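With PDB, C-alpha atoms, pLDDT in the B column inside, this is entry_5.pdb:
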ATOM      1  CA  MET E   1      84.577  45.681 -35.290  1.00 52.00           C
ATOM      2  CA  VAL E   2      87.674  46.819 -33.432  1.00 55.00           C
ATOM      3  CA  VAL E   3      90.610  47.452 -35.737  1.00 56.00           C
ATOM      4  CA  PRO E   4      93.859  46.529 -33.990  1.00 61.00           C
ATOM      5  CA  MET E   5      96.377  49.341 -33.701  1.00 75.00           C
ATOM      6  CA  GLU E   6      99.318  48.925 -36.055  1.00 85.00           C
ATOM      7  CA  ILE E   7     102.783  50.263 -35.488  1.00 91.00           C
ATOM      8  CA  GLN E   8     103.734  52.720 -38.215  1.00 93.00           C
ATOM      9  CA  PHE E   9     107.312  51.665 -38.820  1.00 96.00           C
ATOM     10  CA  ARG E  10     109.444  54.049 -40.796  1.00 97.00           C
ATOM     11  CA  HIS E  11     112.165  52.881 -43.164  1.00 96.00           C
ATOM     12  CA  ASP E  12     114.108  56.130 -43.550  1.00 97.00           C
ATOM     13  CA  VAL E  13     116.468  55.260 -40.727  1.00 97.00           C
ATOM     14  CA  ALA E  14     118.866  58.176 -41.196  1.00 98.00           C
ATOM     15  CA  LYS E  15     115.969  60.639 -40.965  1.00 98.00           C
ATOM     16  CA  VAL E  16     114.536  58.758 -37.971  1.00 98.00           C
ATOM     17  CA  LEU E  17     117.843  59.189 -36.139  1.00 98.00           C
ATOM     18  CA  GLU E  18     117.859  62.893 -37.006  1.00 98.00           C
ATOM     19  CA  ASP E  19     114.261  63.297 -35.833  1.00 98.00           C
ATOM     20  CA  ALA E  20     115.007  61.441 -32.609  1.00 98.00           C
ATOM     21  CA  LYS E  21     117.796  63.865 -31.811  1.00 98.00           C
ATOM     22  CA  ALA E  22     115.644  66.879 -32.608  1.00 98.00           C
ATOM     23  CA  GLN E  23     112.631  65.574 -30.665  1.00 98.00           C
ATOM     24  CA  LYS E  24     114.748  64.054 -27.858  1.00 97.00           C
ATOM     25  CA  LYS E  25     112.803  60.838 -28.305  1.00 98.00           C
ATOM     26  CA  PRO E  26     114.112  57.249 -28.237  1.00 98.00           C
ATOM     27  CA  VAL E  27     114.104  55.044 -31.322  1.00 98.00           C
ATOM     28  CA  LEU E  28     112.921  51.486 -31.613  1.00 98.00           C
ATOM     29  CA  LEU E  29     114.878  49.860 -34.448  1.00 98.00           C
ATOM     30  CA  ASP E  30     113.563  46.515 -35.650  1.00 97.00           C
ATOM     31  CA  PHE E  31     115.781  44.306 -37.806  1.00 97.00           C
ATOM     32  CA  SER E  32     113.235  41.986 -39.343  1.00 95.00           C
ATOM     33  CA  ALA E  33     112.824  39.149 -41.806  1.00 94.00           C
ATOM     34  CA  ALA E  34     109.070  38.868 -41.328  1.00 84.00           C
ATOM     35  CA  PRO E  35     106.825  39.119 -44.396  1.00 77.00           C
ATOM     36  CA  MET E  36     105.873  42.732 -45.018  1.00 66.00           C
TER      37      MET E  36
ATOM     38  CA  MET N   1     105.012  40.175 -30.645  1.00 66.00           C
ATOM     39  CA  TRP N   2     104.088  43.190 -32.819  1.00 72.00           C
ATOM     40  CA  PRO N   3     100.353  42.608 -33.339  1.00 78.00           C
ATOM     41  CA  ASP N   4      99.779  42.798 -29.578  1.00 91.00           C
ATOM     42  CA  GLU N   5      97.746  45.900 -28.762  1.00 94.00           C
ATOM     43  CA  ARG N   6      99.714  46.680 -25.585  1.00 95.00           C
ATOM     44  CA  VAL N   7     103.007  46.483 -27.465  1.00 96.00           C
ATOM     45  CA  ALA N   8     101.682  48.758 -30.213  1.00 95.00           C
ATOM     46  CA  HIS N   9     100.505  51.352 -27.694  1.00 95.00           C
ATOM     47  CA  PHE N  10     103.733  51.222 -25.710  1.00 97.00           C
ATOM     48  CA  VAL N  11     105.822  51.724 -28.843  1.00 97.00           C
ATOM     49  CA  ALA N  12     103.605  54.526 -30.169  1.00 95.00           C
ATOM     50  CA  GLU N  13     103.765  56.387 -26.862  1.00 96.00           C
ATOM     51  CA  ASN N  14     107.463  56.115 -26.238  1.00 98.00           C
ATOM     52  CA  PHE N  15     109.468  55.620 -29.436  1.00 98.00           C
ATOM     53  CA  ILE N  16     109.948  56.596 -33.035  1.00 98.00           C
ATOM     54  CA  PRO N  17     109.637  53.133 -34.606  1.00 98.00           C
ATOM     55  CA  ALA N  18     111.848  52.162 -37.546  1.00 98.00           C
ATOM     56  CA  ARG N  19     112.227  48.862 -39.358  1.00 96.00           C
ATOM     57  CA  VAL N  20     114.982  47.524 -41.545  1.00 97.00           C
ATOM     58  CA  HIS N  21     113.946  44.438 -43.491  1.00 96.00           C
ATOM     59  CA  VAL N  22     116.640  41.925 -44.352  1.00 94.00           C
ATOM     60  CA  LYS N  23     115.418  41.535 -47.958  1.00 93.00           C
ATOM     61  CA  ASP N  24     113.257  44.532 -48.774  1.00 94.00           C
ATOM     62  CA  ASP N  25     115.748  47.036 -47.321  1.00 93.00           C
ATOM     63  CA  SER N  26     118.897  45.008 -47.985  1.00 94.00           C
ATOM     64  CA  ALA N  27     121.265  48.002 -48.404  1.00 95.00           C
ATOM     65  CA  LEU N  28     119.961  49.552 -45.183  1.00 96.00           C
ATOM     66  CA  PHE N  29     120.155  46.194 -43.445  1.00 95.00           C
ATOM     67  CA  GLN N  30     123.824  45.930 -44.407  1.00 96.00           C
ATOM     68  CA  LYS N  31     124.570  49.494 -43.299  1.00 97.00           C
ATOM     69  CA  TYR N  32     122.718  49.527 -39.989  1.00 97.00           C
ATOM     70  CA  GLY N  33     123.224  45.846 -39.298  1.00 97.00           C
ATOM     71  CA  GLU N  34     126.938  46.545 -39.365  1.00 97.00           C
ATOM     72  CA  LYS N  35     126.652  49.768 -37.375  1.00 97.00           C
ATOM     73  CA  TYR N  36     124.653  48.102 -34.586  1.00 98.00           C
ATOM     74  CA  ALA N  37     126.077  44.571 -34.943  1.00 97.00           C
ATOM     75  CA  ALA N  38     122.688  43.046 -35.729  1.00 96.00           C
ATOM     76  CA  GLN N  39     123.440  39.604 -37.114  1.00 92.00           C
ATOM     77  CA  TRP N  40     120.130  37.880 -36.607  1.00 94.00           C
ATOM     78  CA  THR N  41     116.417  38.580 -36.949  1.00 96.00           C
ATOM     79  CA  PRO N  42     114.389  39.574 -35.163  1.00 96.00           C
ATOM     80  CA  THR N  43     116.741  41.949 -33.383  1.00 97.00           C
ATOM     81  CA  VAL N  44     115.031  44.878 -31.710  1.00 98.00           C
ATOM     82  CA  LEU N  45     117.168  47.744 -30.468  1.00 98.00           C
ATOM     83  CA  GLU N  46     116.131  50.545 -28.170  1.00 98.00           C
ATOM     84  CA  LEU N  47     118.268  53.576 -28.945  1.00 98.00           C
ATOM     85  CA  ASP N  48     118.400  56.764 -26.956  1.00 98.00           C
ATOM     86  CA  ALA N  49     117.742  60.089 -28.686  1.00 98.00           C
ATOM     87  CA  GLU N  50     121.416  60.250 -29.673  1.00 98.00           C
ATOM     88  CA  GLY N  51     121.176  56.914 -31.473  1.00 98.00           C
ATOM     89  CA  VAL N  52     123.133  54.997 -28.835  1.00 98.00           C
ATOM     90  CA  GLU N  53     121.941  51.443 -28.182  1.00 98.00           C
ATOM     91  CA  ARG N  54     120.632  51.026 -24.621  1.00 98.00           C
ATOM     92  CA  HIS N  55     118.825  47.695 -24.875  1.00 98.00           C
ATOM     93  CA  ARG N  56     118.696  44.743 -27.238  1.00 98.00           C
ATOM     94  CA  THR N  57     116.180  41.929 -27.675  1.00 97.00           C
ATOM     95  CA  GLU N  58     117.238  39.116 -29.991  1.00 97.00           C
ATOM     96  CA  GLY N  59     114.911  36.350 -31.139  1.00 96.00           C
ATOM     97  CA  PHE N  60     111.150  35.968 -30.904  1.00 95.00           C
ATOM     98  CA  LEU N  61     109.414  36.418 -27.556  1.00 95.00           C
ATOM     99  CA  PRO N  62     105.766  35.999 -26.549  1.00 95.00           C
ATOM    100  CA  ALA N  63     103.959  39.315 -26.135  1.00 96.00           C
ATOM    101  CA  ASP N  64     104.255  39.605 -22.340  1.00 97.00           C
ATOM    102  CA  ASP N  65     107.977  38.925 -22.360  1.00 97.00           C
ATOM    103  CA  PHE N  66     108.547  41.207 -25.317  1.00 97.00           C
ATOM    104  CA  LEU N  67     106.593  44.058 -23.726  1.00 97.00           C
ATOM    105  CA  ALA N  68     108.567  43.573 -20.513  1.00 98.00           C
ATOM    106  CA  GLN N  69     111.833  43.808 -22.461  1.00 98.00           C
ATOM    107  CA  LEU N  70     110.651  47.009 -24.147  1.00 98.00           C
ATOM    108  CA  MET N  71     109.756  48.494 -20.751  1.00 98.00           C
ATOM    109  CA  LEU N  72     113.120  47.444 -19.368  1.00 98.00           C
ATOM    110  CA  GLY N  73     114.860  49.120 -22.286  1.00 98.00           C
ATOM    111  CA  LEU N  74     112.950  52.365 -21.859  1.00 98.00           C
ATOM    112  CA  ALA N  75     113.718  52.338 -18.141  1.00 98.00           C
ATOM    113  CA  ARG N  76     117.414  51.899 -18.955  1.00 98.00           C
ATOM    114  CA  ILE N  77     117.255  54.910 -21.258  1.00 98.00           C
ATOM    115  CA  TYR N  78     115.775  56.976 -18.409  1.00 98.00           C
ATOM    116  CA  PHE N  79     118.432  55.549 -16.086  1.00 98.00           C
ATOM    117  CA  GLN N  80     121.208  56.554 -18.477  1.00 97.00           C
ATOM    118  CA  GLU N  81     119.725  60.052 -18.670  1.00 97.00           C
ATOM    119  CA  GLN N  82     119.634  60.150 -14.843  1.00 98.00           C
ATOM    120  CA  LYS N  83     115.862  60.598 -14.915  1.00 98.00           C
ATOM    121  CA  TRP N  84     115.625  58.587 -11.725  1.00 98.00           C
ATOM    122  CA  GLU N  85     111.880  58.929 -11.092  1.00 97.00           C
ATOM    123  CA  ASP N  86     110.958  57.911 -14.634  1.00 98.00           C
ATOM    124  CA  ALA N  87     113.436  55.055 -14.477  1.00 98.00           C
ATOM    125  CA  GLN N  88     112.016  53.737 -11.179  1.00 98.00           C
ATOM    126  CA  LYS N  89     108.435  54.093 -12.371  1.00 98.00           C
ATOM    127  CA  THR N  90     109.159  52.180 -15.570  1.00 98.00           C
ATOM    128  CA  PHE N  91     111.231  49.458 -13.872  1.00 98.00           C
ATOM    129  CA  ARG N  92     108.395  48.992 -11.357  1.00 98.00           C
ATOM    130  CA  LYS N  93     105.837  48.595 -14.129  1.00 98.00           C
ATOM    131  CA  VAL N  94     107.772  45.574 -15.381  1.00 98.00           C
ATOM    132  CA  TYR N  95     107.464  43.512 -12.195  1.00 98.00           C
ATOM    133  CA  GLU N  96     104.081  44.898 -11.150  1.00 98.00           C
ATOM    134  CA  GLU N  97     102.319  44.427 -14.497  1.00 98.00           C
ATOM    135  CA  LEU N  98     104.339  41.523 -15.915  1.00 98.00           C
ATOM    136  CA  PRO N  99     105.648  39.709 -12.829  1.00 98.00           C
ATOM    137  CA  ASN N 100     106.152  36.341 -14.504  1.00 98.00           C
ATOM    138  CA  THR N 101     108.510  37.519 -17.213  1.00 98.00           C
ATOM    139  CA  GLU N 102     112.290  37.075 -17.267  1.00 97.00           C
ATOM    140  CA  ALA N 103     112.670  40.848 -17.241  1.00 98.00           C
ATOM    141  CA  ALA N 104     110.882  41.183 -13.887  1.00 98.00           C
ATOM    142  CA  PRO N 105     113.752  40.234 -11.518  1.00 98.00           C
ATOM    143  CA  GLU N 106     116.138  42.372 -13.552  1.00 98.00           C
ATOM    144  CA  ALA N 107     113.745  45.315 -13.161  1.00 98.00           C
ATOM    145  CA  LEU N 108     113.466  44.705  -9.409  1.00 98.00           C
ATOM    146  CA  TYR N 109     117.267  44.849  -9.158  1.00 98.00           C
ATOM    147  CA  TRP N 110     117.602  48.041 -11.179  1.00 98.00           C
ATOM    148  CA  VAL N 111     114.808  49.904  -9.404  1.00 98.00           C
ATOM    149  CA  GLY N 112     116.887  49.531  -6.265  1.00 98.00           C
ATOM    150  CA  VAL N 113     119.964  50.860  -8.029  1.00 98.00           C
ATOM    151  CA  ALA N 114     117.993  53.803  -9.445  1.00 98.00           C
ATOM    152  CA  ARG N 115     116.660  54.621  -5.952  1.00 98.00           C
ATOM    153  CA  TYR N 116     120.180  54.481  -4.569  1.00 98.00           C
ATOM    154  CA  LYS N 117     121.511  56.688  -7.374  1.00 97.00           C
ATOM    155  CA  GLU N 118     118.759  59.209  -6.736  1.00 97.00           C
ATOM    156  CA  THR N 119     119.099  59.372  -2.954  1.00 97.00           C
ATOM    157  CA  GLY N 120     122.593  58.127  -2.142  1.00 97.00           C
ATOM    158  CA  ASP N 121     120.909  56.125   0.613  1.00 97.00           C
ATOM    159  CA  ALA N 122     122.119  52.524   0.793  1.00 97.00           C
ATOM    160  CA  THR N 123     118.814  51.548   2.428  1.00 97.00           C
ATOM    161  CA  ALA N 124     117.424  51.285  -1.104  1.00 98.00           C
ATOM    162  CA  LEU N 125     119.894  48.497  -1.863  1.00 98.00           C
ATOM    163  CA  LYS N 126     119.256  46.680   1.419  1.00 98.00           C
ATOM    164  CA  GLU N 127     115.497  46.785   0.802  1.00 98.00           C
ATOM    165  CA  THR N 128     116.026  45.429  -2.690  1.00 98.00           C
ATOM    166  CA  ALA N 129     118.104  42.562  -1.319  1.00 98.00           C
ATOM    167  CA  ARG N 130     115.324  41.855   1.219  1.00 98.00           C
ATOM    168  CA  ALA N 131     112.726  41.875  -1.561  1.00 98.00           C
ATOM    169  CA  PHE N 132     114.741  39.186  -3.334  1.00 98.00           C
ATOM    170  CA  SER N 133     114.523  36.972  -0.249  1.00 96.00           C
ATOM    171  CA  THR N 134     110.835  36.420  -1.021  1.00 96.00           C
ATOM    172  CA  ARG N 135     110.633  36.966  -4.802  1.00 96.00           C
ATOM    173  CA  TYR N 136     112.643  35.613  -7.701  1.00 98.00           C
ATOM    174  CA  THR N 137     114.865  33.831  -5.204  1.00 97.00           C
ATOM    175  CA  ASP N 138     116.423  31.565  -7.857  1.00 97.00           C
ATOM    176  CA  SER N 139     117.243  34.346 -10.306  1.00 98.00           C
ATOM    177  CA  SER N 140     120.740  35.551 -11.074  1.00 98.00           C
ATOM    178  CA  TRP N 141     119.537  39.018 -10.014  1.00 98.00           C
ATOM    179  CA  ALA N 142     118.831  37.717  -6.507  1.00 98.00           C
ATOM    180  CA  LYS N 143     122.452  36.524  -6.377  1.00 98.00           C
ATOM    181  CA  LYS N 144     123.687  39.914  -7.535  1.00 98.00           C
ATOM    182  CA  ALA N 145     121.577  41.711  -4.928  1.00 98.00           C
ATOM    183  CA  SER N 146     122.671  39.334  -2.126  1.00 97.00           C
ATOM    184  CA  VAL N 147     125.826  41.373  -1.598  1.00 97.00           C
ATOM    185  CA  TRP N 148     123.666  44.287  -0.382  1.00 97.00           C
ATOM    186  CA  THR N 149     122.291  42.518   2.693  1.00 89.00           C
TER     187      THR N 149
END

C-alpha cells encoding of this file:
Amino acid sequence: MVVPMEIQFRHDVAKVLEDAKAQKKPVLLDFSAAPM
Amino acid sequence: MWPDERVAHFVAENFIPARVHVKDDSALFQKYGEKYAAQWTPTVLELDAEGVERHRTEGFLPADDFLAQLMLGLARIYFQEQKWEDAQKTFRKVYEELPNTEAAPEALYWVGVARYKETGDATALKETARAFSTRYTDSSWAKKASVWT
C-alpha cells in the first residue's frame, strides 16, 4: 500500500520565520479552519 | 488541495510549511492574521525568506489550480530576488504542466517580463505578446501584453 505523503506543518510560526531567514528559504503559511 | 501528492512534494521541496488554525491556534491566528491581513480561511501565503508576503491564495481551489498558484508564488519570489533563470523556469512550469489553470496566462505574461528584466531585450516582450495571439486570447493578461506588439 502506498502511503500518501503528508505535509509536516509547523505551528511555531515565530520560529519558522526565524528559520526561514537563517536558511534563506521561503515560508508557506496556511491560515486554516479545516479539521486537524 | 493539501492531500494531493504533487502539492505535498512541491511544498516539501520549496518551503518551510506552517499552519495557523483559526480555533486550535486562536492566539496565533489573531496575531498573524492581523500581521498578514488574513481575514478568511483558507488563506495561503507564500512569504520570502524575510517573511514578506509575495503571493496569496484565498479560498479553496482544486489541486491543479492550487498547485499552479503555489508555483506562481514561488516564481514571484525568485522574480523579486532577481533570480531570473529560476523565475522563468518556474513560470514556464505553470503553463507547460498546468496549461488549463487560471494561473497559466499570468505565468506566460511574467515569464516574458522576467526574460526582459534579465536581458534588457524588448524582443522578449514582443514574443510574449505574439504568444498571446494564439493562447489565452481572452485573458486579461493577453490584454496587458497587447501593448508590447

Quick one: which residues from chain N are at most 10 Å off chain E, using all atoms listed in the file, as a count of residues only?
54

Please provide as an MDAnalysis selection string all residues within 12 Å of Thr119 (chain N), with the sequence filter that same-chain residues fewer than 5 positions apart are discarded (counting all atoms listed in the file).
chainID N and resid 82 84:85 112:114 124:125

Go ahead and write the selection's residues with C-alpha atoms as a JSON list (two decimals), in the frame of the given file.
[["chain", "number", "residue", "atom", "x", "y", "z"],
["N", 82, "GLN", "CA", 119.63, 60.15, -14.84],
["N", 84, "TRP", "CA", 115.62, 58.59, -11.72],
["N", 85, "GLU", "CA", 111.88, 58.93, -11.09],
["N", 112, "GLY", "CA", 116.89, 49.53, -6.26],
["N", 113, "VAL", "CA", 119.96, 50.86, -8.03],
["N", 114, "ALA", "CA", 117.99, 53.80, -9.44],
["N", 124, "ALA", "CA", 117.42, 51.28, -1.10],
["N", 125, "LEU", "CA", 119.89, 48.50, -1.86]]

Nearest residue to Asp65 (chain N) from the set N:Ser146, N:Thr128, N:Thr101, N:Gln80 (distances using only C-alpha atoms):
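Using only C-alpha atoms, Asp65 (chain N) sits closest to N:Thr101.
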
Apply the PyMOL selection byres ((chain N and resi 126) around 12) to the displayed file and report the matching residues as a PyMOL selection string.
chain N and resi 109+112-113+115-116+121-125+127-133+142+145-149

Can you tell me how far CA of Arg76 (chain N) sits from CA of Glu106 (chain N), in Å to one decimal?
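Interatomic distance here is 11.0 Å.
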
One number please: CA of Phe79 (chain N) to CA of Arg92 (chain N), in Å, one decimal.
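So the answer is 12.9 Å.
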
Can you report as AutoDock Vina command-line options the centre and edge lengths in Å, to one decimal, of an axis-aligned box around the listed atoms of region 115-129 of chain N padded with 4 Å on each side?
--center_x 119.0 --center_y 51.0 --center_z -2.5 --size_x 15.1 --size_y 24.8 --size_z 17.8

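Between CA of Ala103 (chain N) and CA of Phe66 (chain N) there is a distance of 9.1 Å.
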
Given the file above and the PyMOL selection byres ((chain N and resi 95) around 9), which residues are selected, and can you give them as a short mmCIF file (atom, residue, chain, number, x, y, z; two decimals) with C-alpha atoms, keeping the file's coordinate frame?
data_model
loop_
_atom_site.label_atom_id
_atom_site.label_comp_id
_atom_site.auth_asym_id
_atom_site.auth_seq_id
_atom_site.Cartn_x
_atom_site.Cartn_y
_atom_site.Cartn_z
CA ALA N 68 108.57 43.57 -20.51
CA PHE N 91 111.23 49.46 -13.87
CA ARG N 92 108.40 48.99 -11.36
CA LYS N 93 105.84 48.60 -14.13
CA VAL N 94 107.77 45.57 -15.38
CA GLU N 96 104.08 44.90 -11.15
CA GLU N 97 102.32 44.43 -14.50
CA LEU N 98 104.34 41.52 -15.92
CA PRO N 99 105.65 39.71 -12.83
CA ASN N 100 106.15 36.34 -14.50
CA THR N 101 108.51 37.52 -17.21
CA ALA N 103 112.67 40.85 -17.24
CA ALA N 104 110.88 41.18 -13.89
CA PRO N 105 113.75 40.23 -11.52
CA GLU N 106 116.14 42.37 -13.55
CA ALA N 107 113.74 45.32 -13.16
CA LEU N 108 113.47 44.70 -9.41
#

Write a file for chain E, containing C-alpha atoms (output as a CSV table (one decimal), in the first residue's frame).
chain,number,residue,atom,x,y,z
E,1,MET,CA,0.0,0.0,0.0
E,2,VAL,CA,1.3,3.4,-0.9
E,3,VAL,CA,1.1,5.9,2.0
E,4,PRO,CA,0.4,9.4,0.7
E,5,MET,CA,3.0,12.0,1.6
E,6,GLU,CA,1.7,14.4,4.2
E,7,ILE,CA,2.9,18.0,4.7
E,8,GLN,CA,4.5,18.4,8.1
E,9,PHE,CA,3.1,21.8,9.0
E,10,ARG,CA,4.7,23.6,11.9
E,11,HIS,CA,2.8,25.7,14.3
E,12,ASP,CA,5.7,27.7,15.9
E,13,VAL,CA,5.3,30.5,13.4
E,14,ALA,CA,7.8,32.8,15.1
E,15,LYS,CA,10.5,30.1,14.9
E,16,VAL,CA,9.5,29.3,11.4
E,17,LEU,CA,10.1,32.9,10.3
E,18,GLU,CA,13.5,32.8,12.1
E,19,ASP,CA,14.5,29.6,10.4
E,20,ALA,CA,13.4,30.9,7.0
E,21,LYS,CA,15.7,33.8,7.4
E,22,ALA,CA,18.6,31.7,8.6
E,23,GLN,CA,18.1,29.0,5.8
E,24,LYS,CA,17.1,31.6,3.2
E,25,LYS,CA,14.1,29.5,2.4
E,26,PRO,CA,10.5,30.7,1.7
E,27,VAL,CA,7.6,30.0,4.0
E,28,LEU,CA,4.2,28.7,3.2
E,29,LEU,CA,1.8,30.0,5.8
E,30,ASP,CA,-1.6,28.4,5.8
E,31,PHE,CA,-4.5,30.0,7.7
E,32,SER,CA,-6.9,27.2,8.1
E,33,ALA,CA,-10.2,26.2,9.6
E,34,ALA,CA,-10.1,22.6,8.4
E,35,PRO,CA,-10.4,19.8,11.0
E,36,MET,CA,-7.0,18.9,12.3
